[in-house]
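To be precise, the following lines are run02.cif, and they hold mmCIF, C-alpha atoms and all ligand atoms.
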data_query
loop_
_atom_site.label_atom_id
_atom_site.label_comp_id
_atom_site.auth_asym_id
_atom_site.auth_seq_id
_atom_site.Cartn_x
_atom_site.Cartn_y
_atom_site.Cartn_z
CA MET O 1 86.66 102.30 107.87
CA ALA O 2 89.77 103.57 106.12
CA ASP O 3 89.53 105.59 102.89
CA PRO O 4 90.00 103.78 99.61
CA LEU O 5 93.44 104.26 98.08
CA PHE O 6 92.43 102.55 94.85
CA ALA O 7 88.91 101.82 93.66
CA VAL O 8 88.83 99.59 90.59
CA LYS O 9 85.46 99.12 88.93
CA ASN O 10 84.59 96.60 86.26
CA LEU O 11 88.07 96.69 84.79
CA SER O 12 88.79 94.68 81.65
CA LYS O 13 91.73 94.41 79.32
CA THR O 14 92.16 92.39 76.15
CA PHE O 15 95.40 92.39 74.16
CA PRO O 16 95.22 92.84 70.38
CA ASN O 17 95.83 89.10 69.95
CA GLY O 18 92.45 88.51 71.64
CA ASN O 19 93.98 87.45 74.96
CA GLN O 20 91.60 88.78 77.65
CA VAL O 21 93.81 89.12 80.68
CA LEU O 22 91.60 91.12 83.04
CA SER O 23 87.90 90.60 83.15
CA GLY O 24 85.35 92.63 85.12
CA VAL O 25 87.74 93.25 88.02
CA ASN O 26 86.23 95.03 91.01
CA LEU O 27 88.67 95.76 93.80
CA THR O 28 88.91 98.42 96.48
CA ILE O 29 92.25 98.76 98.25
CA TYR O 30 92.07 100.71 101.50
CA GLU O 31 94.68 103.01 103.01
CA GLY O 32 96.78 101.22 105.60
CA GLU O 33 95.83 97.66 104.79
CA CYS O 34 98.14 94.81 103.88
CA LEU O 35 96.59 93.08 100.90
CA ILE O 36 98.03 89.94 99.38
CA ILE O 37 97.11 88.96 95.85
CA ALA O 38 97.73 85.34 94.87
CA GLY O 39 97.00 83.40 91.71
CA SER O 40 98.71 81.09 89.26
CA ASN O 41 101.27 82.19 86.65
CA GLY O 42 99.59 84.37 84.05
CA SER O 43 96.50 85.04 86.18
CA GLY O 44 96.95 88.79 85.73
CA LYS O 45 98.48 89.94 89.03
CA THR O 46 101.34 91.97 87.58
CA LEU O 47 99.22 93.39 84.81
CA LEU O 48 96.52 94.50 87.25
CA MET O 49 99.12 96.45 89.23
CA GLN O 50 100.58 97.96 86.05
CA VAL O 51 97.11 99.08 84.97
CA ILE O 52 96.10 100.63 88.29
CA THR O 53 99.38 102.56 88.45
CA GLY O 54 99.05 103.86 84.91
CA LEU O 55 101.94 101.79 83.53
CA ALA O 56 99.63 99.83 81.20
CA ASP O 57 96.35 100.84 79.60
CA PHE O 58 92.95 99.20 79.87
CA ASP O 59 89.86 98.88 77.69
CA GLU O 60 86.90 99.10 80.01
CA GLY O 61 86.12 100.15 83.53
CA GLU O 62 87.16 102.84 85.94
CA ILE O 63 90.13 103.36 88.23
CA LEU O 64 90.04 105.91 91.02
CA PHE O 65 93.11 106.84 93.05
CA ARG O 66 92.08 108.51 96.32
CA GLY O 67 88.70 109.19 94.72
CA CYS O 68 90.07 110.85 91.56
CA PRO O 69 90.19 109.31 88.08
CA LEU O 70 93.63 107.85 87.42
CA HIS O 71 94.54 110.18 84.56
CA LYS O 72 94.01 113.19 86.83
CA SER O 73 95.89 111.77 89.78
CA ILE O 74 98.88 110.13 88.13
CA ARG O 75 101.41 112.70 89.42
CA VAL O 76 100.25 112.30 93.00
CA LEU O 77 100.21 108.53 92.55
CA ARG O 78 103.84 108.52 91.35
CA ARG O 79 104.90 110.27 94.55
CA SER O 80 102.73 108.22 96.87
CA VAL O 81 102.99 104.65 95.63
CA GLY O 82 106.30 102.78 95.38
CA PHE O 83 106.28 99.84 92.98
CA MET O 84 108.83 97.06 93.29
CA PHE O 85 108.74 95.33 89.91
CA GLN O 86 108.79 91.57 89.47
CA ASP O 87 111.50 92.12 86.84
CA ALA O 88 114.29 93.84 88.80
CA ASP O 89 116.28 94.63 85.64
CA ALA O 90 113.41 96.72 84.30
CA GLN O 91 113.73 99.04 87.28
CA ILE O 92 117.47 99.79 87.19
CA ILE O 93 118.22 103.40 86.36
CA GLY O 94 121.46 104.48 88.06
CA GLU O 95 125.09 103.80 87.14
CA THR O 96 125.87 102.75 90.71
CA VAL O 97 123.80 101.14 93.43
CA ALA O 98 123.76 104.34 95.51
CA GLU O 99 122.81 106.46 92.50
CA ASP O 100 120.03 104.05 91.65
CA ILE O 101 118.57 104.28 95.15
CA ALA O 102 118.91 108.09 95.10
CA PHE O 103 116.80 108.39 91.96
CA GLY O 104 113.43 108.07 93.74
CA PRO O 105 114.00 110.58 96.58
CA LYS O 106 115.64 113.04 94.14
CA ASN O 107 112.59 112.82 91.93
CA LEU O 108 110.42 113.65 94.91
CA GLY O 109 112.37 116.90 95.16
CA LEU O 110 114.06 116.19 98.50
CA PRO O 111 117.10 118.35 99.35
CA ASN O 112 120.51 116.73 98.78
CA ASP O 113 121.27 116.02 102.43
CA ALA O 114 117.88 114.35 102.89
CA VAL O 115 118.47 112.27 99.75
CA ALA O 116 121.88 111.20 101.10
CA ALA O 117 120.36 110.22 104.45
CA GLN O 118 117.59 108.21 102.77
CA VAL O 119 120.14 106.42 100.57
CA GLU O 120 122.34 105.51 103.56
CA ALA O 121 119.38 104.17 105.53
CA ALA O 122 118.12 102.15 102.54
CA LEU O 123 121.59 100.72 101.76
CA SER O 124 121.88 99.54 105.32
CA ALA O 125 118.30 98.21 105.53
CA ALA O 126 118.79 96.19 102.34
CA GLY O 127 122.27 94.94 103.31
CA LEU O 128 123.91 96.59 100.30
CA GLU O 129 126.44 98.94 101.95
CA GLU O 130 129.40 97.14 100.40
CA LYS O 131 127.88 97.42 96.94
CA ARG O 132 127.20 101.16 97.01
CA ASP O 133 129.58 101.97 94.11
CA PHE O 134 128.91 98.82 92.14
CA PRO O 135 127.14 98.90 88.74
CA PRO O 136 123.60 97.61 89.42
CA ARG O 137 123.41 95.52 86.27
CA ARG O 138 126.28 93.38 87.52
CA LEU O 139 124.55 92.54 90.80
CA SER O 140 123.30 88.99 91.28
CA GLY O 141 119.59 88.30 90.83
CA GLY O 142 118.92 88.42 94.58
CA GLU O 143 121.04 91.56 95.03
CA LYS O 144 118.95 93.26 92.34
CA ARG O 145 115.81 92.38 94.33
CA ARG O 146 117.43 93.89 97.44
CA LEU O 147 118.20 96.98 95.40
CA ALA O 148 114.56 97.20 94.35
CA VAL O 149 113.50 97.01 98.01
CA ALA O 150 116.05 99.71 98.90
CA GLY O 151 114.71 101.92 96.11
CA ILE O 152 111.16 101.91 97.37
CA LEU O 153 112.23 102.25 101.01
CA ALA O 154 114.26 105.35 100.15
CA MET O 155 111.21 106.98 98.58
CA GLY O 156 109.37 106.68 101.89
CA CYS O 157 106.04 106.31 100.11
CA GLY O 158 102.82 105.80 102.05
CA ALA O 159 101.91 102.84 99.86
CA MET O 160 103.97 100.12 98.27
CA ILE O 161 103.33 97.44 95.72
CA MET O 162 105.72 94.50 95.97
CA ASP O 163 105.59 92.10 93.05
CA GLU O 164 107.07 88.77 94.17
CA PRO O 165 109.23 90.37 96.90
CA PHE O 166 110.86 87.06 97.89
CA ALA O 167 111.82 85.84 94.42
CA ASN O 168 115.54 85.05 94.17
CA LEU O 169 116.25 86.02 97.77
CA ASP O 170 118.38 83.86 100.02
CA TRP O 171 117.20 83.06 103.53
CA HIS O 172 118.68 86.29 104.97
CA GLY O 173 117.18 88.29 102.14
CA VAL O 174 113.73 86.84 102.88
CA ILE O 175 114.11 87.66 106.57
CA GLN O 176 115.15 91.24 105.75
CA ALA O 177 112.26 91.65 103.34
CA LEU O 178 109.85 90.37 105.99
CA GLU O 179 111.30 92.73 108.58
CA HIS O 180 110.68 95.62 106.19
CA ILE O 181 107.12 94.42 105.61
CA ARG O 182 106.43 94.06 109.33
CA ARG O 183 107.87 97.51 110.07
CA LEU O 184 106.08 99.22 107.18
CA LYS O 185 102.81 97.66 108.30
CA ALA O 186 103.42 98.85 111.87
CA GLU O 187 104.02 102.36 110.46
CA GLY O 188 100.57 102.20 108.88
CA LYS O 189 101.70 102.03 105.25
CA THR O 190 99.51 100.43 102.63
CA LEU O 191 101.10 97.24 101.35
CA ILE O 192 100.03 95.33 98.26
CA ILE O 193 102.00 92.13 97.93
CA LEU O 194 101.79 89.80 94.94
CA THR O 195 103.24 86.44 95.81
CA HIS O 196 103.19 82.70 95.35
CA GLU O 197 104.95 82.33 98.70
CA LEU O 198 102.07 82.70 101.11
CA GLU O 199 103.83 80.65 103.77
CA LYS O 200 106.41 83.42 104.17
CA VAL O 201 104.16 86.40 104.64
CA LEU O 202 100.49 85.61 105.12
CA ALA O 203 100.78 86.29 108.87
CA TYR O 204 101.01 90.04 108.09
CA SER O 205 98.06 90.16 105.69
CA ASP O 206 94.73 91.74 106.48
CA ARG O 207 93.12 90.46 103.33
CA LEU O 208 93.72 87.86 100.62
CA VAL O 209 92.57 88.20 97.01
CA ILE O 210 92.64 85.30 94.56
CA LEU O 211 93.01 86.17 90.91
CA HIS O 212 92.35 83.43 88.37
CA ARG O 213 92.49 83.90 84.61
CA GLY O 214 91.89 87.61 84.97
CA HIS O 215 88.89 87.28 87.31
CA ILE O 216 88.82 87.99 91.02
CA ARG O 217 87.60 84.69 92.38
CA ASP O 218 87.80 85.47 96.09
CA ASP O 219 88.52 88.43 98.33
CA GLY O 220 88.38 88.51 102.10
CA ASN O 221 89.75 87.38 105.41
CA PRO O 222 92.81 85.19 104.65
CA SER O 223 91.70 82.19 106.74
CA GLU O 224 88.22 82.22 105.26
CA VAL O 225 89.52 82.57 101.70
CA LEU O 226 91.83 79.59 102.27
CA ASP O 227 88.99 77.56 103.80
CA ARG O 228 87.06 77.76 100.55
CA LEU O 229 90.02 77.69 98.15
CA ASP O 230 89.35 75.87 94.88
CA PRO O 231 92.44 73.80 93.94
CA SER O 232 91.99 74.77 90.28
CA PHE O 233 93.12 78.32 91.20
CA GLY O 234 96.68 77.02 91.48
CA VAL O 235 97.24 78.46 94.97
CA ARG O 236 98.46 76.12 97.70
CA ASP O 237 96.98 76.50 101.16
CA PRO O 238 100.11 77.13 103.28
CA ARG O 239 98.30 75.67 106.27
CA ALA O 240 99.18 72.28 104.81
CA SER O 241 102.58 72.92 106.46
CA TYR O 242 101.83 75.70 108.95
CA ALA O 243 99.25 75.45 111.72
CA SER O 244 97.42 78.69 110.99
CA VAL O 245 97.59 81.91 108.98
CA GLU O 246 99.31 83.60 111.96
CA ASP O 247 102.15 81.08 111.70
CA CYS O 248 102.78 81.86 108.03
CA THR O 249 105.98 83.89 108.36
CA TRP O 250 109.65 83.07 108.34
CA LEU O 251 110.30 85.57 111.11
CA THR O 252 110.73 83.90 114.45
CA ALA O 253 110.70 86.99 116.69
N1 LIG O 301 101.52 92.06 75.11
C1 LIG O 301 100.79 90.99 75.46
N2 LIG O 301 99.99 90.36 74.57
C2 LIG O 301 99.23 89.29 74.93
N3 LIG O 301 99.19 88.79 76.18
C3 LIG O 301 99.97 89.38 77.11
C4 LIG O 301 100.81 90.51 76.81
N4 LIG O 301 101.44 90.88 77.94
C5 LIG O 301 101.04 90.03 78.91
N5 LIG O 301 100.16 89.13 78.42
C6 LIG O 301 99.49 88.05 79.16
O1 LIG O 301 98.84 88.55 80.29
C7 LIG O 301 98.66 87.49 81.25
C8 LIG O 301 98.84 88.02 82.63
O2 LIG O 301 100.23 88.27 82.87
P1 LIG O 301 100.77 88.74 84.29
O3 LIG O 301 102.19 89.08 84.09
O4 LIG O 301 99.89 89.79 84.85
O5 LIG O 301 100.61 87.40 85.14
P2 LIG O 301 100.97 87.17 86.66
O6 LIG O 301 99.71 86.76 87.36
O7 LIG O 301 101.72 88.31 87.21
O8 LIG O 301 101.90 85.85 86.55
P3 LIG O 301 103.24 85.42 87.35
O9 LIG O 301 102.75 84.68 88.58
O10 LIG O 301 103.90 84.48 86.40
O11 LIG O 301 104.04 86.62 87.65
C9 LIG O 301 99.66 86.40 80.83
O12 LIG O 301 98.95 85.29 80.35
C10 LIG O 301 100.47 87.06 79.73
O13 LIG O 301 100.85 86.11 78.76
MG MG O 302 103.63 88.57 87.84
#

Take the structure from the file and write it as structure tokens.
Amino acid sequence: MADPLFAVKNLSKTFPNGNQVLSGVNLTIYEGECLIIAGSNGSGKTLLMQVITGLADFDEGEILFRGCPLHKSIRVLRRSVGFMFQDADAQIIGETVAEDIAFGPKNLGLPNDAVAAQVEAALSAAGLEEKRDFPPRRLSGGEKRRLAVAGILAMGCGAMIMDEPFANLDWHGVIQALEHIRRLKAEGKTLIILTHELEKVLAYSDRLVILHRGHIRDDGNPSEVLDRLDPSFGVRDPRASYASVEDCTWLTA
């Protein structure tokens, strides 16, 4: 059995307006697995990821990162876990596309030539070579998502959280994103993917978690979770259109 990357115990969060958005969440995420978290709008997926990465606070419970309490391991976490935000605008830092991608590897303390090499590889992998000197805020919605993918690829982290990685992407963008996911999985990286688009990516998942109104309502083998899916969770079984979980990808080869 792999070591836990994150261990979340009895985690709850209520906003000051009384909105309880996470409720008694227990979740262990193991090194090297590809975990997909699905759930309807507002079910708490993004917030759960923000909390476990120290970007949002919580009221009750415990979060361990590689066995250490979060507040003691936050520096290591920042270097080890790439987070592709659902809101691409919130992640833009650089004045140009290339500068934006360089931010992560520079922060990791890589030497300049290594940063440059990482940026080139990420620009090419994300199909953004022609936009290298372009101001990121003027990119289209889908180009900003590609930029976010490039940013986390350039960091070369061992674990990545992708929040709605296919949102706004055209068909080629989806294929590229899936190729990254397939390659990263083959390299043994930990992947945590939050998505409504199970039909595009479920084939690469090891485990499916269903979050509903801040509660984890199911967690396990993707086929088995889908077999017992309650329609009220707002998640569509992609096997309505695809023969099996293994067929749920847009990659053909
Ligand atoms: N500051 C806040 N005060 C009160 N409620 C909040 C606040 N911020 C977020 N929420 C609520 O937290 C809930 C969970 O939001 P979250 O963004 O995690 O949902 P999600 O599952 O990622 O949804 P989506 O599929 O739309 O991305 C939502 O109902 C949201 O309205
Ligand atoms: Mg979200």

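Proximity to ligand MG 302 (chain O) was assessed for O:Val245, O:Ile93, O:Leu110, O:Ile193 counting only C-alpha atoms and all ligand atoms; the smallest distance is recorded for O:Ile193.
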
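Remark: for ligand MG 302 (chain O), the closest of the candidate residues O:Gly82, O:Gly141, O:Gly220, O:Gly42 is O:Gly42 (distances computed over all atoms listed in the file).
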
Might you pull out every residue within 6 Å of Ser205 of chain O, with all atoms listed in the file counted and same-chain residues fewer than 3 positions away left off, and present them as a count of residues only? 3

Per residue of segment 159-215 of chain O within 7 Å of segment 15-27 of chain O, which atom pair is closest and at what distance in Å (one decimal), using only C-alpha atoms, listed by chain and increasing number, as a tab-separated table?
residue	atom	partner	partner_atom	distance
O:Arg213	CA	O:Val21	CA	6.7
O:Gly214	CA	O:Leu22	CA	4.0
O:His215	CA	O:Ser23	CA	5.4

Given the selection you just returned, output its residues as a file containing C-alpha atoms, formatted as a PDB file, in the frame of the given file.
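Final output, saved to again27.pdb:
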ATOM      1  CA  ARG O 213      92.490  83.900  84.610  1.00  0.00           C
ATOM      2  CA  GLY O 214      91.890  87.610  84.970  1.00  0.00           C
ATOM      3  CA  HIS O 215      88.890  87.280  87.310  1.00  0.00           C
TER       4      HIS O 215
END

Got a sec to check which residues lie within 10 Å of ligand LIG 301 (chain O), using all atoms listed in the file, and send them as number ranges by chain? O: 13-22, 37-51, 56, 86-87, 163-164, 194-196, 211-214

Mind pulling up the distance from atom CA of Arg79 of chain O to atom CA of Ala114 of chain O?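 Going from atom CA of Ala114 of chain O over to atom CA of Arg79 of chain O, I get 16.0 Å.
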
Let me make sure I understand: among O:Val235, O:Val76, O:Ala125, O:Met155, which one has the smallest atom-to-atom distance to Lys106 of chain O if we use only C-alpha atoms?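 Looking at the shortest contact to Lys106 of chain O, the residue is O:Met155.
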
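Taking all atoms listed in the file into account, ligand MG 302 (chain O) lies nearest to O:Pro165 out of the set O:Ile52, O:Ala154, O:Cys68, O:Pro165.
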
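Nearest residue to Arg183 of chain O, choosing from O:Ser12, O:Ala126, O:Arg236, O:Tyr204 and counting all atoms listed in the file: O:Tyr204.
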
C-alpha atoms of segment 66-182 of chain O, written as a PDB file, in the first residue's frame:
ATOM      1  CA  ARG O  66       2.811  13.152   4.531  1.00  0.00           C
ATOM      2  CA  GLY O  67       2.019  12.396   8.164  1.00  0.00           C
ATOM      3  CA  CYS O  68       2.723  15.923   9.474  1.00  0.00           C
ATOM      4  CA  PRO O  69       0.128  18.478  10.569  1.00  0.00           C
ATOM      5  CA  LEU O  70      -0.581  20.909   7.751  1.00  0.00           C
ATOM      6  CA  HIS O  71       0.722  24.013   9.514  1.00  0.00           C
ATOM      7  CA  LYS O  72       4.115  22.339   9.964  1.00  0.00           C
ATOM      8  CA  SER O  73       4.351  21.018   6.432  1.00  0.00           C
ATOM      9  CA  ILE O  74       3.024  23.919   4.389  1.00  0.00           C
ATOM     10  CA  ARG O  75       6.424  24.831   2.878  1.00  0.00           C
ATOM     11  CA  VAL O  76       7.057  21.287   1.708  1.00  0.00           C
ATOM     12  CA  LEU O  77       3.487  21.093   0.428  1.00  0.00           C
ATOM     13  CA  ARG O  78       3.937  24.253  -1.663  1.00  0.00           C
ATOM     14  CA  ARG O  79       6.918  22.671  -3.407  1.00  0.00           C
ATOM     15  CA  SER O  80       5.368  19.253  -3.837  1.00  0.00           C
ATOM     16  CA  VAL O  81       1.770  19.888  -4.852  1.00  0.00           C
ATOM     17  CA  GLY O  82       0.811  21.863  -7.966  1.00  0.00           C
ATOM     18  CA  PHE O  83      -2.694  23.300  -7.902  1.00  0.00           C
ATOM     19  CA  MET O  84      -4.466  24.256 -11.116  1.00  0.00           C
ATOM     20  CA  PHE O  85      -7.248  26.574  -9.991  1.00  0.00           C
ATOM     21  CA  GLN O  86     -10.783  26.436 -11.344  1.00  0.00           C
ATOM     22  CA  ASP O  87     -10.564  30.213 -11.767  1.00  0.00           C
ATOM     23  CA  ALA O  88      -7.625  30.657 -14.168  1.00  0.00           C
ATOM     24  CA  ASP O  89      -7.548  34.446 -13.683  1.00  0.00           C
ATOM     25  CA  ALA O  90      -6.855  33.999  -9.978  1.00  0.00           C
ATOM     26  CA  GLN O  91      -3.615  32.211 -10.823  1.00  0.00           C
ATOM     27  CA  ILE O  92      -2.057  34.682 -13.262  1.00  0.00           C
ATOM     28  CA  ILE O  93       1.090  36.287 -11.907  1.00  0.00           C
ATOM     29  CA  GLY O  94       3.466  37.121 -14.771  1.00  0.00           C
ATOM     30  CA  GLU O  95       3.418  39.982 -17.282  1.00  0.00           C
ATOM     31  CA  THR O  96       3.936  37.555 -20.159  1.00  0.00           C
ATOM     32  CA  VAL O  97       2.945  33.947 -20.700  1.00  0.00           C
ATOM     33  CA  ALA O  98       6.564  32.753 -20.441  1.00  0.00           C
ATOM     34  CA  GLU O  99       7.164  34.790 -17.283  1.00  0.00           C
ATOM     35  CA  ASP O 100       4.008  33.402 -15.748  1.00  0.00           C
ATOM     36  CA  ILE O 101       5.105  29.819 -16.397  1.00  0.00           C
ATOM     37  CA  ALA O 102       8.600  30.596 -15.056  1.00  0.00           C
ATOM     38  CA  PHE O 103       7.231  31.767 -11.719  1.00  0.00           C
ATOM     39  CA  GLY O 104       6.750  28.259 -10.258  1.00  0.00           C
ATOM     40  CA  PRO O 105      10.160  26.758 -11.139  1.00  0.00           C
ATOM     41  CA  LYS O 106      11.912  30.003 -10.085  1.00  0.00           C
ATOM     42  CA  ASN O 107      10.178  29.808  -6.738  1.00  0.00           C
ATOM     43  CA  LEU O 108      11.450  26.266  -6.331  1.00  0.00           C
ATOM     44  CA  GLY O 109      14.956  27.735  -6.582  1.00  0.00           C
ATOM     45  CA  LEU O 110      15.915  26.090  -9.882  1.00  0.00           C
ATOM     46  CA  PRO O 111      18.917  27.604 -11.706  1.00  0.00           C
ATOM     47  CA  ASN O 112      18.098  29.923 -14.628  1.00  0.00           C
ATOM     48  CA  ASP O 113      18.945  27.466 -17.387  1.00  0.00           C
ATOM     49  CA  ALA O 114      16.768  24.791 -15.786  1.00  0.00           C
ATOM     50  CA  VAL O 115      13.916  27.302 -15.444  1.00  0.00           C
ATOM     51  CA  ALA O 116      14.277  28.210 -19.131  1.00  0.00           C
ATOM     52  CA  ALA O 117      14.215  24.540 -20.150  1.00  0.00           C
ATOM     53  CA  GLN O 118      11.122  23.855 -18.034  1.00  0.00           C
ATOM     54  CA  VAL O 119       9.351  26.881 -19.523  1.00  0.00           C
ATOM     55  CA  GLU O 120      10.140  25.797 -23.102  1.00  0.00           C
ATOM     56  CA  ALA O 121       8.901  22.264 -22.469  1.00  0.00           C
ATOM     57  CA  ALA O 122       5.712  23.524 -20.797  1.00  0.00           C
ATOM     58  CA  LEU O 123       4.996  26.065 -23.566  1.00  0.00           C
ATOM     59  CA  SER O 124       5.276  23.326 -26.126  1.00  0.00           C
ATOM     60  CA  ALA O 125       3.268  20.773 -24.104  1.00  0.00           C
ATOM     61  CA  ALA O 126       0.434  23.271 -23.635  1.00  0.00           C
ATOM     62  CA  GLY O 127       0.510  24.494 -27.258  1.00  0.00           C
ATOM     63  CA  LEU O 128       1.322  28.066 -26.236  1.00  0.00           C
ATOM     64  CA  GLU O 129       4.652  28.668 -28.025  1.00  0.00           C
ATOM     65  CA  GLU O 130       3.203  31.450 -30.166  1.00  0.00           C
ATOM     66  CA  LYS O 131       1.853  33.236 -27.110  1.00  0.00           C
ATOM     67  CA  ARG O 132       5.077  33.270 -25.101  1.00  0.00           C
ATOM     68  CA  ASP O 133       5.365  37.101 -25.033  1.00  0.00           C
ATOM     69  CA  PHE O 134       1.656  37.774 -24.797  1.00  0.00           C
ATOM     70  CA  PRO O 135       0.082  39.336 -21.666  1.00  0.00           C
ATOM     71  CA  PRO O 136      -1.709  36.441 -19.907  1.00  0.00           C
ATOM     72  CA  ARG O 137      -4.764  38.475 -18.973  1.00  0.00           C
ATOM     73  CA  ARG O 138      -5.542  38.987 -22.651  1.00  0.00           C
ATOM     74  CA  LEU O 139      -5.558  35.260 -23.417  1.00  0.00           C
ATOM     75  CA  SER O 140      -8.888  33.626 -24.197  1.00  0.00           C
ATOM     76  CA  GLY O 141     -10.586  31.590 -21.471  1.00  0.00           C
ATOM     77  CA  GLY O 142      -9.307  28.294 -22.878  1.00  0.00           C
ATOM     78  CA  GLU O 143      -5.791  29.676 -23.404  1.00  0.00           C
ATOM     79  CA  LYS O 144      -5.738  30.706 -19.744  1.00  0.00           C
ATOM     80  CA  ARG O 145      -6.591  27.106 -18.796  1.00  0.00           C
ATOM     81  CA  ARG O 146      -3.728  25.907 -21.007  1.00  0.00           C
ATOM     82  CA  LEU O 147      -1.479  28.390 -19.249  1.00  0.00           C
ATOM     83  CA  ALA O 148      -2.554  26.985 -15.893  1.00  0.00           C
ATOM     84  CA  VAL O 149      -1.678  23.468 -17.085  1.00  0.00           C
ATOM     85  CA  ALA O 150       1.698  24.728 -18.352  1.00  0.00           C
ATOM     86  CA  GLY O 151       2.369  26.369 -14.986  1.00  0.00           C
ATOM     87  CA  ILE O 152       1.933  23.197 -12.990  1.00  0.00           C
ATOM     88  CA  LEU O 153       3.801  21.082 -15.552  1.00  0.00           C
ATOM     89  CA  ALA O 154       6.791  23.437 -15.341  1.00  0.00           C
ATOM     90  CA  MET O 155       6.947  22.990 -11.580  1.00  0.00           C
ATOM     91  CA  GLY O 156       7.410  19.254 -12.057  1.00  0.00           C
ATOM     92  CA  CYS O 157       5.619  18.526  -8.787  1.00  0.00           C
ATOM     93  CA  GLY O 158       5.057  14.970  -7.603  1.00  0.00           C
ATOM     94  CA  ALA O 159       1.381  15.686  -6.997  1.00  0.00           C
ATOM     95  CA  MET O 160      -1.132  17.818  -8.826  1.00  0.00           C
ATOM     96  CA  ILE O 161      -4.614  19.025  -8.118  1.00  0.00           C
ATOM     97  CA  MET O 162      -6.580  19.908 -11.242  1.00  0.00           C
ATOM     98  CA  ASP O 163      -9.816  21.756 -10.608  1.00  0.00           C
ATOM     99  CA  GLU O 164     -12.055  21.342 -13.664  1.00  0.00           C
ATOM    100  CA  PRO O 165      -9.107  20.777 -16.046  1.00  0.00           C
ATOM    101  CA  PHE O 166     -11.341  20.560 -19.138  1.00  0.00           C
ATOM    102  CA  ALA O 167     -13.439  23.669 -18.547  1.00  0.00           C
ATOM    103  CA  ASN O 168     -13.318  26.052 -21.521  1.00  0.00           C
ATOM    104  CA  LEU O 169     -10.991  23.837 -23.541  1.00  0.00           C
ATOM    105  CA  ASP O 170     -11.609  23.109 -27.187  1.00  0.00           C
ATOM    106  CA  TRP O 171     -11.365  19.557 -28.468  1.00  0.00           C
ATOM    107  CA  HIS O 172      -7.577  19.793 -28.995  1.00  0.00           C
ATOM    108  CA  GLY O 173      -7.158  21.338 -25.580  1.00  0.00           C
ATOM    109  CA  VAL O 174      -9.049  18.434 -23.981  1.00  0.00           C
ATOM    110  CA  ILE O 175      -6.900  15.926 -25.862  1.00  0.00           C
ATOM    111  CA  GLN O 176      -3.704  17.697 -24.736  1.00  0.00           C
ATOM    112  CA  ALA O 177      -4.910  17.839 -21.144  1.00  0.00           C
ATOM    113  CA  LEU O 178      -5.716  14.118 -21.254  1.00  0.00           C
ATOM    114  CA  GLU O 179      -2.305  13.334 -22.721  1.00  0.00           C
ATOM    115  CA  HIS O 180      -0.707  15.202 -19.820  1.00  0.00           C
ATOM    116  CA  ILE O 181      -2.868  13.290 -17.353  1.00  0.00           C
ATOM    117  CA  ARG O 182      -2.034   9.932 -18.926  1.00  0.00           C
TER     118      ARG O 182
END
